[in-house]
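Shown below: model-v3.tsv, with TSV, C-alpha atoms and all ligand atoms.
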chain	number	residue	atom	x	y	z
A	60	MET	CA	100.70	89.21	79.91
A	61	VAL	CA	102.90	92.33	79.79
A	62	PRO	CA	103.98	93.95	83.08
A	63	LEU	CA	102.07	97.17	83.72
A	64	GLY	CA	103.56	100.56	84.51
A	65	ILE	CA	101.66	102.63	87.07
A	66	TYR	CA	98.51	100.76	88.00
A	67	LEU	CA	95.79	103.06	89.34
A	68	ASP	CA	92.68	100.96	88.69
A	69	ASN	CA	92.42	99.33	92.11
A	70	ALA	CA	88.71	100.14	92.43
A	71	ALA	CA	88.12	97.80	89.46
A	72	THR	CA	90.42	95.11	90.82
A	73	SER	CA	93.45	95.51	93.06
A	74	PHE	CA	96.87	94.83	91.60
A	75	PRO	CA	99.44	93.54	92.34
A	76	LYS	CA	98.16	90.94	94.77
A	77	PRO	CA	100.27	90.35	97.88
A	78	GLU	CA	102.73	87.48	97.34
A	79	PRO	CA	101.06	85.24	99.99
A	80	VAL	CA	97.83	85.46	97.97
A	81	CYS	CA	99.54	84.12	94.85
A	82	GLN	CA	101.21	81.42	96.95
A	83	GLY	CA	97.92	80.54	98.65
A	84	VAL	CA	96.19	79.91	95.32
A	85	ALA	CA	99.13	77.93	93.93
A	86	GLU	CA	99.49	75.83	97.05
A	87	TYR	CA	95.78	75.00	97.06
A	88	LEU	CA	95.92	73.88	93.44
A	89	LYS	CA	98.97	71.73	94.15
A	90	THR	CA	97.84	70.16	97.41
A	91	ALA	CA	94.06	70.35	97.92
A	92	CYS	CA	92.26	67.30	96.65
A	93	ALA	CA	88.68	67.78	97.72
A	94	SER	CA	85.59	69.83	97.32
A	95	LEU	CA	84.08	71.55	100.34
A	96	SER	CA	81.64	69.32	102.28
A	97	ARG	CA	81.88	66.69	99.55
A	98	GLY	CA	83.66	64.01	101.56
A	99	SER	CA	84.95	62.97	104.91
A	100	HIS	CA	88.52	62.08	103.99
A	101	ARG	CA	91.40	64.17	105.29
A	102	GLY	CA	91.61	66.33	102.18
A	103	ALA	CA	87.95	67.28	102.49
A	104	VAL	CA	88.33	68.08	106.18
A	105	GLN	CA	91.31	70.33	105.42
A	106	VAL	CA	89.32	72.25	102.81
A	107	GLU	CA	86.41	72.59	105.24
A	108	GLU	CA	88.80	74.02	107.84
A	109	MET	CA	90.28	76.44	105.34
A	110	PHE	CA	86.82	77.77	104.43
A	111	LEU	CA	85.91	78.11	108.09
A	112	GLU	CA	89.14	79.97	108.85
A	113	THR	CA	88.44	82.37	105.96
A	114	ARG	CA	84.94	83.06	107.32
A	115	SER	CA	86.46	83.72	110.75
A	116	LEU	CA	89.08	86.10	109.35
A	117	LEU	CA	86.41	88.00	107.42
A	118	GLY	CA	84.27	88.06	110.56
A	119	GLU	CA	87.18	89.57	112.48
A	120	LEU	CA	87.72	92.22	109.80
A	121	PHE	CA	84.02	93.14	109.56
A	122	ASN	CA	83.21	92.74	113.27
A	123	VAL	CA	80.72	89.92	112.90
A	124	LYS	CA	79.87	88.16	116.16
A	125	PRO	CA	81.90	84.89	116.38
A	126	GLU	CA	78.68	82.87	116.77
A	127	HIS	CA	77.49	84.23	113.42
A	128	ILE	CA	80.58	83.36	111.37
A	129	ASN	CA	78.66	80.72	109.39
A	130	ARG	CA	76.27	83.46	108.32
A	131	ILE	CA	79.05	84.73	106.03
A	132	VAL	CA	78.25	82.89	102.81
A	133	PHE	CA	80.60	82.87	99.85
A	134	ALA	CA	79.63	84.13	96.42
A	135	SER	CA	81.41	84.94	93.18
A	136	GLY	CA	81.57	88.61	94.13
A	137	ALA	CA	79.53	91.55	95.34
A	138	THR	CA	77.17	91.28	92.36
A	139	GLU	CA	76.03	87.78	93.28
A	140	ALA	CA	75.89	88.72	96.96
A	141	LEU	CA	73.71	91.78	96.28
A	142	ASN	CA	71.39	89.75	94.04
A	143	THR	CA	71.10	87.10	96.76
A	144	ALA	CA	70.17	89.77	99.30
A	145	VAL	CA	67.72	91.75	97.19
A	146	GLN	CA	66.01	88.89	95.36
A	147	GLY	CA	65.99	86.68	98.43
A	148	LEU	CA	64.49	89.19	100.82
A	149	LEU	CA	62.03	91.40	98.97
A	150	LYS	CA	58.42	90.35	98.62
A	151	PRO	CA	55.58	91.96	96.61
A	152	GLY	CA	54.38	95.22	98.15
A	153	SER	CA	57.76	96.17	99.62
A	154	HIS	CA	59.18	99.66	99.62
A	155	VAL	CA	62.96	100.04	99.33
A	156	ILE	CA	65.17	103.06	99.93
A	157	THR	CA	68.45	103.39	98.09
A	158	SER	CA	70.84	106.17	97.11
A	159	GLY	CA	71.58	108.13	93.95
A	160	ILE	CA	75.16	106.84	93.53
A	161	GLU	CA	74.62	103.09	93.35
A	162	HIS	CA	76.65	100.71	91.21
A	163	ASN	CA	74.62	98.65	88.73
A	164	ALA	CA	75.30	95.58	90.89
A	165	LEU	CA	72.65	96.89	93.29
A	166	TRP	CA	70.80	99.32	91.05
A	167	ARG	CA	69.86	96.81	88.35
A	168	PRO	CA	68.38	94.11	90.62
A	169	LEU	CA	66.37	96.82	92.39
A	170	LYS	CA	65.17	98.33	89.11
A	171	MET	CA	64.26	94.83	87.84
A	172	LEU	CA	62.06	94.28	90.91
A	173	GLU	CA	60.54	97.73	90.46
A	174	ARG	CA	59.83	97.06	86.77
A	175	GLU	CA	58.13	93.78	87.66
A	176	GLY	CA	55.87	95.62	90.13
A	177	ILE	CA	57.34	93.82	93.15
A	178	VAL	CA	58.87	96.82	94.92
A	179	GLU	CA	58.54	100.58	95.04
A	180	LEU	CA	61.83	102.44	95.10
A	181	SER	CA	62.78	105.73	96.75
A	182	VAL	CA	66.15	107.13	95.69
A	183	ILE	CA	67.83	109.57	98.09
A	184	PRO	CA	69.85	112.06	96.04
A	185	CYS	CA	73.61	112.40	96.44
A	186	PRO	CA	74.20	115.87	94.99
A	187	GLU	CA	77.41	116.08	92.98
A	188	GLY	CA	78.33	112.57	94.03
A	189	HIS	CA	78.61	113.39	97.73
A	190	ALA	CA	77.16	111.27	100.54
A	191	LEU	CA	73.40	111.35	101.16
A	192	ASP	CA	71.76	113.27	103.98
A	193	PRO	CA	70.60	110.75	106.64
A	194	GLU	CA	67.71	113.03	107.56
A	195	GLU	CA	66.36	112.79	104.01
A	196	LEU	CA	66.62	109.03	104.26
A	197	ALA	CA	64.74	109.01	107.58
A	198	ASN	CA	62.00	111.16	106.01
A	199	ALA	CA	61.58	108.65	103.17
A	200	LEU	CA	60.67	105.77	105.50
A	201	ARG	CA	57.18	104.32	105.02
A	202	ASP	CA	55.08	101.73	106.82
A	203	ASN	CA	55.95	99.17	104.15
A	204	THR	CA	59.68	99.97	103.91
A	205	ALA	CA	61.27	96.53	103.88
A	206	LEU	CA	64.89	97.44	103.14
A	207	VAL	CA	67.40	100.27	103.08
A	208	ALA	CA	70.08	99.35	100.53
A	209	VAL	CA	73.10	101.60	100.01
A	210	THR	CA	76.69	101.41	98.92
A	211	HIS	CA	79.26	102.12	101.61
A	212	ALA	CA	81.38	104.13	99.19
A	213	SER	CA	80.84	105.34	95.65
A	214	ASN	CA	83.05	103.67	93.06
A	215	VAL	CA	82.97	106.92	91.06
A	216	THR	CA	83.60	109.73	93.54
A	217	GLY	CA	84.78	107.64	96.50
A	218	ALA	CA	82.24	109.39	98.80
A	219	ILE	CA	81.70	107.38	101.98
A	220	GLN	CA	78.06	107.08	103.05
A	221	PRO	CA	77.27	107.72	106.74
A	222	ILE	CA	76.55	104.05	107.48
A	223	PRO	CA	76.65	104.40	111.31
A	224	GLN	CA	73.90	107.05	111.18
A	225	ILE	CA	71.90	105.11	108.56
A	226	GLY	CA	72.25	102.00	110.72
A	227	GLN	CA	70.89	103.89	113.71
A	228	ILE	CA	67.87	105.07	111.70
A	229	CYS	CA	67.24	101.49	110.56
A	230	ARG	CA	67.63	100.17	114.10
A	231	GLU	CA	65.01	102.62	115.41
A	232	ALA	CA	62.63	101.81	112.55
A	233	GLY	CA	63.25	98.04	112.73
A	234	ILE	CA	64.24	97.87	109.05
A	235	PRO	CA	67.09	95.77	107.68
A	236	LEU	CA	70.09	97.60	106.24
A	237	LEU	CA	71.92	96.16	103.23
A	238	VAL	CA	75.39	97.63	102.66
A	239	ASP	CA	77.37	97.21	99.45
A	240	GLY	CA	80.88	97.03	100.84
A	241	ALA	CA	82.58	96.37	97.49
A	242	GLN	CA	84.66	99.55	97.71
A	243	THR	CA	85.34	99.55	101.45
A	244	GLY	CA	86.24	95.96	102.36
A	245	GLY	CA	89.93	96.00	103.26
A	246	VAL	CA	90.13	99.75	102.67
A	247	TYR	CA	87.98	101.32	105.36
A	248	PRO	CA	86.55	99.95	108.64
A	249	ILE	CA	83.26	98.05	108.51
A	250	ASP	CA	81.47	97.32	111.79
A	251	VAL	CA	78.59	94.93	111.11
A	252	ASP	CA	77.66	94.54	114.74
A	253	GLY	CA	78.16	98.15	115.86
A	254	TRP	CA	76.50	99.75	112.86
A	255	ASN	CA	73.44	97.48	112.79
A	256	ILE	CA	74.20	96.06	109.33
A	257	SER	CA	71.79	93.21	108.53
A	258	LEU	CA	73.26	92.33	105.15
A	259	LEU	CA	76.83	93.06	104.04
A	260	ALA	CA	77.85	92.30	100.47
A	261	PHE	CA	81.60	92.23	99.82
A	262	THR	CA	83.94	91.33	97.02
A	263	GLY	CA	87.30	89.62	97.38
A	264	HIS	CA	89.25	91.10	94.50
A	265	LYS	CA	89.27	94.83	95.21
A	266	GLY	CA	90.43	96.28	98.55
A	267	LEU	CA	90.48	92.81	100.10
A	268	MET	CA	93.37	92.06	97.67
A	269	GLY	CA	92.17	88.52	96.93
A	270	PRO	CA	91.47	86.72	93.64
A	271	GLN	CA	88.64	87.58	91.28
A	272	GLY	CA	85.58	85.36	91.56
A	273	THR	CA	85.48	85.63	95.35
A	274	GLY	CA	83.25	87.55	97.72
A	275	GLY	CA	80.23	86.95	99.83
A	276	LEU	CA	77.28	88.06	101.88
A	277	TYR	CA	76.82	88.33	105.62
A	278	ILE	CA	73.19	87.57	106.51
A	279	GLY	CA	71.99	88.70	109.92
A	280	PRO	CA	70.27	86.09	112.15
A	281	GLU	CA	67.08	88.15	112.17
A	282	LEU	CA	66.56	87.60	108.43
A	283	GLU	CA	65.13	84.77	106.36
A	284	LEU	CA	66.15	84.83	102.73
A	285	LYS	CA	65.26	82.63	99.79
A	286	PRO	CA	68.44	81.30	98.16
A	287	LEU	CA	69.39	82.59	94.73
A	288	LYS	CA	70.86	79.24	93.66
A	289	TYR	CA	69.57	75.70	94.27
A	290	GLY	CA	71.59	72.50	94.06
A	291	GLY	CA	73.90	70.15	95.87
A	292	THR	CA	75.61	71.23	99.05
A	293	GLY	CA	77.31	67.96	100.00
A	294	SER	CA	75.26	67.98	103.21
A	295	ALA	CA	71.73	66.53	103.65
A	296	SER	CA	71.37	65.21	100.10
A	297	LEU	CA	68.03	63.43	100.54
A	298	PRO	CA	65.49	66.30	100.97
A	299	HIS	CA	64.10	68.05	97.90
A	300	GLU	CA	64.73	71.40	99.59
A	301	MET	CA	67.90	73.34	100.30
A	302	PRO	CA	69.22	72.90	103.86
A	303	ALA	CA	67.82	75.43	106.34
A	304	TRP	CA	71.21	76.10	107.93
A	305	LEU	CA	73.92	78.49	106.83
A	306	PRO	CA	76.25	78.62	105.01
A	307	ASP	CA	74.96	75.53	103.14
A	308	ARG	CA	71.59	77.13	102.32
A	309	PHE	CA	73.29	79.72	100.10
A	310	GLU	CA	76.28	77.75	98.78
A	311	ALA	CA	74.92	75.30	96.21
A	312	GLY	CA	77.48	73.83	93.85
A	313	THR	CA	81.23	73.35	94.12
A	314	PRO	CA	82.70	76.53	95.53
A	315	ASN	CA	85.79	78.42	94.38
A	316	GLY	CA	88.42	76.62	96.49
A	317	PRO	CA	91.51	78.22	94.91
A	318	GLY	CA	89.85	81.63	95.18
A	319	ILE	CA	88.97	81.17	98.85
A	320	ALA	CA	92.53	79.97	99.57
A	321	GLY	CA	93.77	83.23	98.04
A	322	LEU	CA	91.17	85.25	99.90
A	323	ARG	CA	92.21	83.67	103.20
A	324	ALA	CA	95.82	84.72	102.56
A	325	ALA	CA	94.66	88.19	101.53
A	326	VAL	CA	92.59	88.83	104.66
A	327	LYS	CA	95.44	87.48	106.81
A	328	PHE	CA	97.75	89.94	105.05
A	329	ILE	CA	95.37	92.86	105.70
A	330	ILE	CA	94.97	91.97	109.37
A	331	ALA	CA	98.75	91.61	109.77
A	332	GLU	CA	99.48	94.94	108.05
A	333	GLY	CA	96.65	96.64	109.93
A	334	LEU	CA	93.66	98.33	108.30
A	335	GLU	CA	94.67	101.68	109.88
A	336	GLN	CA	98.10	101.45	108.24
A	337	ILE	CA	96.55	100.60	104.85
A	338	ARG	CA	94.04	103.46	105.18
A	339	ARG	CA	96.75	105.92	106.27
A	340	HIS	CA	98.98	105.12	103.29
A	341	GLU	CA	96.15	105.20	100.73
A	342	LEU	CA	94.67	108.37	102.19
A	343	GLU	CA	98.03	110.15	102.03
A	344	LEU	CA	98.43	109.30	98.35
A	345	ALA	CA	94.80	110.15	97.57
A	346	ALA	CA	95.18	113.56	99.23
A	347	MET	CA	98.36	114.23	97.25
A	348	LEU	CA	96.70	113.22	93.99
A	349	GLN	CA	93.47	115.11	94.66
A	350	GLN	CA	95.24	118.31	95.61
A	351	GLY	CA	97.69	118.07	92.73
A	352	LEU	CA	94.95	117.45	90.15
A	353	ALA	CA	92.79	120.30	91.51
A	354	GLU	CA	95.72	122.70	90.98
A	355	ILE	CA	96.14	121.86	87.29
A	356	PRO	CA	94.35	124.45	85.12
A	357	GLY	CA	91.49	122.89	83.16
A	358	VAL	CA	91.13	119.82	85.41
A	359	THR	CA	87.83	119.29	87.25
A	360	VAL	CA	87.93	116.94	90.25
A	361	TYR	CA	84.62	115.38	91.38
A	362	GLY	CA	83.14	114.43	94.72
A	363	PRO	CA	84.02	115.51	98.27
A	364	ALA	CA	86.97	117.93	98.53
A	365	ASP	CA	88.13	116.29	101.77
A	366	PRO	CA	89.98	113.04	100.94
A	367	ALA	CA	89.12	111.74	104.43
A	368	ALA	CA	85.45	111.67	103.35
A	369	LYS	CA	86.34	109.24	100.57
A	370	VAL	CA	87.92	105.91	99.79
A	371	PRO	CA	91.10	106.44	97.73
A	372	ILE	CA	89.35	107.19	94.45
A	373	VAL	CA	89.94	110.46	92.60
A	374	SER	CA	87.84	111.05	89.50
A	375	CYS	CA	88.34	113.99	87.21
A	376	ASN	CA	88.08	115.33	83.69
A	377	VAL	CA	90.53	117.32	81.60
A	378	GLY	CA	88.57	120.17	80.04
A	379	GLY	CA	85.92	118.80	77.71
A	380	VAL	CA	88.06	115.91	76.43
A	381	ASP	CA	86.33	112.53	76.37
A	382	SER	CA	87.42	110.58	79.44
A	383	GLU	CA	88.13	107.45	77.35
A	384	GLU	CA	90.52	109.45	75.21
A	385	VAL	CA	92.45	110.69	78.26
A	386	ALA	CA	92.62	107.15	79.65
A	387	TYR	CA	93.84	105.87	76.28
A	388	VAL	CA	96.67	108.43	76.17
A	389	LEU	CA	97.60	107.70	79.81
A	390	ASP	CA	97.89	104.01	78.98
A	391	GLU	CA	99.35	104.05	75.48
A	392	VAL	CA	101.80	106.93	75.83
A	393	TYR	CA	102.63	106.97	79.54
A	394	ASP	CA	101.91	103.41	80.74
A	395	ILE	CA	99.47	104.59	83.43
A	396	GLN	CA	96.40	102.38	83.88
A	397	VAL	CA	93.13	104.01	84.95
A	398	ARG	CA	89.44	103.50	84.22
A	399	ALA	CA	87.31	105.93	82.24
A	400	GLY	CA	83.67	106.06	81.15
A	401	LEU	CA	80.70	105.47	83.43
A	402	HIS	CA	82.17	102.81	85.76
A	403	CYS	CA	78.92	100.72	85.79
A	404	ALA	CA	77.40	103.52	87.88
A	405	PRO	CA	75.37	105.81	85.60
A	406	GLN	CA	73.41	107.18	88.57
A	407	ALA	CA	76.59	108.62	90.06
A	408	HIS	CA	77.49	110.19	86.71
A	409	ARG	CA	73.98	111.61	86.44
A	410	ALA	CA	74.59	113.28	89.83
A	411	LEU	CA	77.90	114.69	88.54
A	412	GLY	CA	76.49	115.77	85.18
A	413	THR	CA	79.07	113.57	83.40
A	414	LEU	CA	76.81	111.08	81.62
A	415	ASP	CA	78.22	112.19	78.23
A	416	GLN	CA	81.87	112.70	79.09
A	417	GLY	CA	82.29	110.05	81.76
A	418	ALA	CA	85.26	110.62	84.04
A	419	VAL	CA	88.86	109.53	84.41
A	420	ARG	CA	89.09	107.51	87.61
A	421	PHE	CA	92.37	107.10	89.45
A	422	SER	CA	92.01	104.53	92.21
A	423	ILE	CA	94.85	103.97	94.61
A	424	GLY	CA	95.97	100.70	96.15
A	425	TYR	CA	98.27	99.70	98.99
A	426	PHE	CA	101.25	99.16	96.67
A	427	ASN	CA	101.17	102.57	95.00
A	428	THR	CA	103.89	105.05	95.94
A	429	LYS	CA	104.33	108.82	96.26
A	430	GLU	CA	106.77	108.73	93.33
A	431	GLN	CA	104.04	107.24	91.16
A	432	ILE	CA	101.59	109.97	92.17
A	433	ASP	CA	104.19	112.65	91.35
A	434	ALA	CA	104.72	111.06	87.94
A	435	VAL	CA	100.96	110.93	87.27
A	436	LEU	CA	100.53	114.60	88.18
A	437	GLU	CA	103.33	115.60	85.79
A	438	VAL	CA	101.70	113.63	82.99
A	439	VAL	CA	98.20	115.04	83.57
A	440	GLU	CA	99.67	118.53	83.53
A	441	VAL	CA	101.21	117.81	80.12
A	442	ILE	CA	97.91	116.40	78.79
A	443	ALA	CA	95.94	119.38	80.17
A	444	ARG	CA	98.31	121.82	78.44
A	445	GLY	CA	97.30	120.08	75.20
A	501	LIG	C1	80.29	99.76	94.53
A	501	LIG	C2	80.39	98.45	93.81
A	501	LIG	N1	79.46	97.51	94.03
A	501	LIG	C3	79.50	96.31	93.45
A	501	LIG	C4	80.50	95.97	92.56
A	501	LIG	C5	80.50	94.62	91.92
A	501	LIG	O1	81.54	93.83	92.39
A	501	LIG	P1	81.90	92.44	91.68
A	501	LIG	O2	82.32	92.79	90.28
A	501	LIG	O3	83.00	91.88	92.47
A	501	LIG	O4	80.69	91.60	91.67
A	501	LIG	C6	81.49	96.92	92.27
A	501	LIG	C7	82.56	96.61	91.29
A	501	LIG	O5	82.99	97.43	90.53
A	501	LIG	C8	81.45	98.19	92.92
A	501	LIG	O6	82.37	99.13	92.70
Give the structure from this file in structure tokens form.
Amino acid sequence: MVPLGIYLDNAATSFPKPEPVCQGVAEYLKTACASLSRGSHRGAVQVEEMFLETRSLLGELFNVKPEHINRIVFASGATEALNTAVQGLLKPGSHVITSGIEHNALWRPLKMLEREGIVELSVIPCPEGHALDPEELANALRDNTALVAVTHASNVTGAIQPIPQIGQICREAGIPLLVDGAQTGGVYPIDVDGWNISLLAFTGHKGLMGPQGTGGLYIGPELELKPLKYGGTGSASLPHEMPAWLPDRFEAGTPNGPGIAGLRAAVKFIIAEGLEQIRRHELELAAMLQQGLAEIPGVTVYGPADPAAKVPIVSCNVGGVDSEEVAYVLDEVYDIQVRAGLHCAPQAHRALGTLDQGAVRFSIGYFNTKEQIDAVLEVVEVIARG
């Protein structure tokens, strides 16, 4: 692998990872000698404790009640978590409300259920990639609405959805709220208990700064879901059915021990640094980048103008140039890594009117610096001049 120059693709996966994360994975591989719940020897107990500690740390970060820590079940990422939630909860005849800026990780399972005639879908528009209007969402509720499922922040424009207000609407209507926290975990506060979130999908490798292949789903105690995967759990092997208790019910198969060891170190790192400090730093750089880009003639910046209304994602285009071409030049000529195209979120690009051109997405991480943002702005100015 070659070392990268200026990495601004943290919304895809954060990089670099904090040193303790790398050490956590390496140490696990060197010392752990057991699979979770697959034995009673000391090694197995240590792994069990490590998993439990990681659930507790995540619970602390997301404000999950301590008695519900075991309701945080691990998955390979937000995609698996969202599929577990949607496919496990929805029954024929259900109505679901979602938004017009969803990532395919939520959009595709919902559209699959719609295609199969299992659910009816209402999509609340997010004009120009901004947040939805909670009143419009409230007006879309029906007698058979079984789920409100929305992303916490768009991975294209960064727009943060008003989850506290949406949670309040769901609380009053008695409808579960599924939040896709892939872009906010470790980047922006998430309050499961305070915001009435029934299902929270998260991924470990983006803002949480952990390894790829990690993530999970919080499942509220009021919900009964069918598991997505069936198999051995190491506990209660005799019955033909999956155990009724969590997390075992949703964790069939040998889990990603090295990944969870890295995730534990990552969440510890975030808690020690402080989410406010991380947010402050990333917001400062995002504001600098957004303002600088908006001042370059020919550059169009998308989404909310106020960086505080967004996670640290700034998407733009340079005139009519194909976004992939701009990203290619940034990488090849200037050693700046970004993501172009449709970002697995065609609905968001439909809202922006960029389905053909895509967009150049700069996504900031905790280890980016002001000097890097200055350098990027100089380069974009050169590219925009042609
Ligand atoms: C908003 C959003 N949801 C879900 C996902 C899927 O996450 P993962 O690839 O970890 O499954 C992503 C990743 O890009 C995302 O940005």
Please build the interface table for region 260-292 of chain A against region 315-324 of chain A with a cut-off of 6 Å, listing for each qualifying residue the nearest atom pair and the distance in Å to one decimal; count only C-alpha atoms, order rows by chain and increasing number, and write it as a Markdown table.
| residue | atom | partner | partner_atom | distance |
| --- | --- | --- | --- | --- |
| A:Gly269 | CA | A:Leu322 | CA | 4.5 |
| A:Pro270 | CA | A:Gly318 | CA | 5.6 |
| A:Thr273 | CA | A:Gly318 | CA | 5.9 |
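Candidate residues A:Lys265, A:Lys288, A:Arg101, A:Arg420 were compared for distance to Leu67 (chain A), and the nearest is A:Arg420, using all atoms listed in the file.
Minimum distance to Cys81 (chain A) across A:Ser294, A:Gln271, A:Asn255, A:Asn203 (counting only C-alpha atoms) occurs at A:Gln271.
Counting all atoms listed in the file, the residue from A:Val397, A:Leu276, A:Ala137, A:Val251 that sits nearest to Ile423 (chain A) is A:Val397.
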Test item: residues at most 10 Å from Pro286 (chain A), all atoms listed in the file, excluding those fewer than 2 positions along its chain, as a VMD selection string
chain A and resid 142 to 144 146 to 148 283 to 284 288 to 289 301 308 to 311
Each residue of chain A lying at most 9 Å from ligand LIG 501 (chain A) should get a row with its shortest atom-to-atom pair and the distance in Å to one decimal, counting only C-alpha atoms and all ligand atoms; could you produce that, ordered by chain and increasing number, as CSV?
residue,atom,partner,partner_atom,distance
A:Ala70,CA,A:LIG501,O6,6.4
A:Ala71,CA,A:LIG501,O5,5.3
A:Thr72,CA,A:LIG501,O5,7.8
A:Ala134,CA,A:LIG501,O4,8.9
A:Ser135,CA,A:LIG501,O4,6.9
A:Gly136,CA,A:LIG501,O3,3.9
A:Ala137,CA,A:LIG501,O4,3.8
A:Thr138,CA,A:LIG501,O4,3.6
A:Glu139,CA,A:LIG501,O4,6.2
A:Ala140,CA,A:LIG501,O4,7.7
A:Leu141,CA,A:LIG501,C3,7.9
A:Ile160,CA,A:LIG501,C1,8.8
A:Glu161,CA,A:LIG501,C1,6.7
A:His162,CA,A:LIG501,C1,5.0
A:Asn163,CA,A:LIG501,C3,7.2
A:Ala164,CA,A:LIG501,C3,5.0
A:Leu165,CA,A:LIG501,C3,6.9
A:Thr210,CA,A:LIG501,C1,5.9
A:His211,CA,A:LIG501,C1,7.5
A:Ala212,CA,A:LIG501,C1,6.5
A:Ser213,CA,A:LIG501,C1,5.7
A:Asn214,CA,A:LIG501,O6,4.6
A:Val215,CA,A:LIG501,O6,8.0
A:Asp239,CA,A:LIG501,N1,5.8
A:Gly240,CA,A:LIG501,C1,6.9
A:Ala241,CA,A:LIG501,C2,4.8
A:Gln242,CA,A:LIG501,C1,5.4
A:Thr243,CA,A:LIG501,C1,8.6
A:Ala260,CA,A:LIG501,C3,8.3
A:Phe261,CA,A:LIG501,O3,7.5
A:Thr262,CA,A:LIG501,O3,4.7
A:Gly263,CA,A:LIG501,O3,6.9
A:His264,CA,A:LIG501,O3,6.6
A:Lys265,CA,A:LIG501,O3,7.5
A:Gln271,CA,A:LIG501,O3,7.2
A:Gly272,CA,A:LIG501,O3,7.1
A:Thr273,CA,A:LIG501,O3,7.3
A:Gly274,CA,A:LIG501,O3,6.8
A:His402,CA,A:LIG501,O5,7.2
A:Cys403,CA,A:LIG501,O5,7.1
A:Ala404,CA,A:LIG501,C1,8.2
Taking the structure I provided as the source, export region 162-174 of chain A with N, CA and C atoms, as a PDB file, in the first residue's frame.
ATOM      1  N   HIS A 162     -29.435   6.450   1.723  1.00  0.00           N
ATOM      2  CA  HIS A 162     -28.376   5.614   1.146  1.00  0.00           C
ATOM      3  C   HIS A 162     -29.026   4.292   0.701  1.00  0.00           C
ATOM      4  N   ASN A 163     -28.444   3.647  -0.279  1.00  0.00           N
ATOM      5  CA  ASN A 163     -28.998   2.369  -0.759  1.00  0.00           C
ATOM      6  C   ASN A 163     -29.073   1.304   0.341  1.00  0.00           C
ATOM      7  N   ALA A 164     -28.267   1.460   1.390  1.00  0.00           N
ATOM      8  CA  ALA A 164     -28.280   0.466   2.474  1.00  0.00           C
ATOM      9  C   ALA A 164     -29.656   0.382   3.134  1.00  0.00           C
ATOM     10  N   LEU A 165     -30.389   1.476   3.115  1.00  0.00           N
ATOM     11  CA  LEU A 165     -31.768   1.462   3.636  1.00  0.00           C
ATOM     12  C   LEU A 165     -32.773   1.447   2.491  1.00  0.00           C
ATOM     13  N   TRP A 166     -32.452   2.212   1.453  1.00  0.00           N
ATOM     14  CA  TRP A 166     -33.383   2.374   0.333  1.00  0.00           C
ATOM     15  C   TRP A 166     -33.664   1.040  -0.366  1.00  0.00           C
ATOM     16  N   ARG A 167     -32.625   0.270  -0.629  1.00  0.00           N
ATOM     17  CA  ARG A 167     -32.821  -0.974  -1.390  1.00  0.00           C
ATOM     18  C   ARG A 167     -33.618  -2.021  -0.620  1.00  0.00           C
ATOM     19  N   PRO A 168     -33.347  -2.267   0.663  1.00  0.00           N
ATOM     20  CA  PRO A 168     -34.222  -3.228   1.365  1.00  0.00           C
ATOM     21  C   PRO A 168     -35.673  -2.762   1.415  1.00  0.00           C
ATOM     22  N   LEU A 169     -35.888  -1.451   1.550  1.00  0.00           N
ATOM     23  CA  LEU A 169     -37.270  -0.950   1.567  1.00  0.00           C
ATOM     24  C   LEU A 169     -37.921  -1.134   0.201  1.00  0.00           C
ATOM     25  N   LYS A 170     -37.181  -0.812  -0.855  1.00  0.00           N
ATOM     26  CA  LYS A 170     -37.744  -0.945  -2.204  1.00  0.00           C
ATOM     27  C   LYS A 170     -37.991  -2.416  -2.542  1.00  0.00           C
ATOM     28  N   MET A 171     -37.136  -3.316  -2.030  1.00  0.00           N
ATOM     29  CA  MET A 171     -37.339  -4.757  -2.255  1.00  0.00           C
ATOM     30  C   MET A 171     -38.666  -5.181  -1.629  1.00  0.00           C
ATOM     31  N   LEU A 172     -38.921  -4.727  -0.391  1.00  0.00           N
ATOM     32  CA  LEU A 172     -40.172  -5.094   0.287  1.00  0.00           C
ATOM     33  C   LEU A 172     -41.377  -4.471  -0.419  1.00  0.00           C
ATOM     34  N   GLU A 173     -41.180  -3.284  -0.955  1.00  0.00           N
ATOM     35  CA  GLU A 173     -42.267  -2.630  -1.700  1.00  0.00           C
ATOM     36  C   GLU A 173     -42.560  -3.417  -2.987  1.00  0.00           C
ATOM     37  N   ARG A 174     -41.496  -3.775  -3.685  1.00  0.00           N
ATOM     38  CA  ARG A 174     -41.643  -4.536  -4.940  1.00  0.00           C
ATOM     39  C   ARG A 174     -42.361  -5.862  -4.700  1.00  0.00           C
TER      40      ARG A 174
END
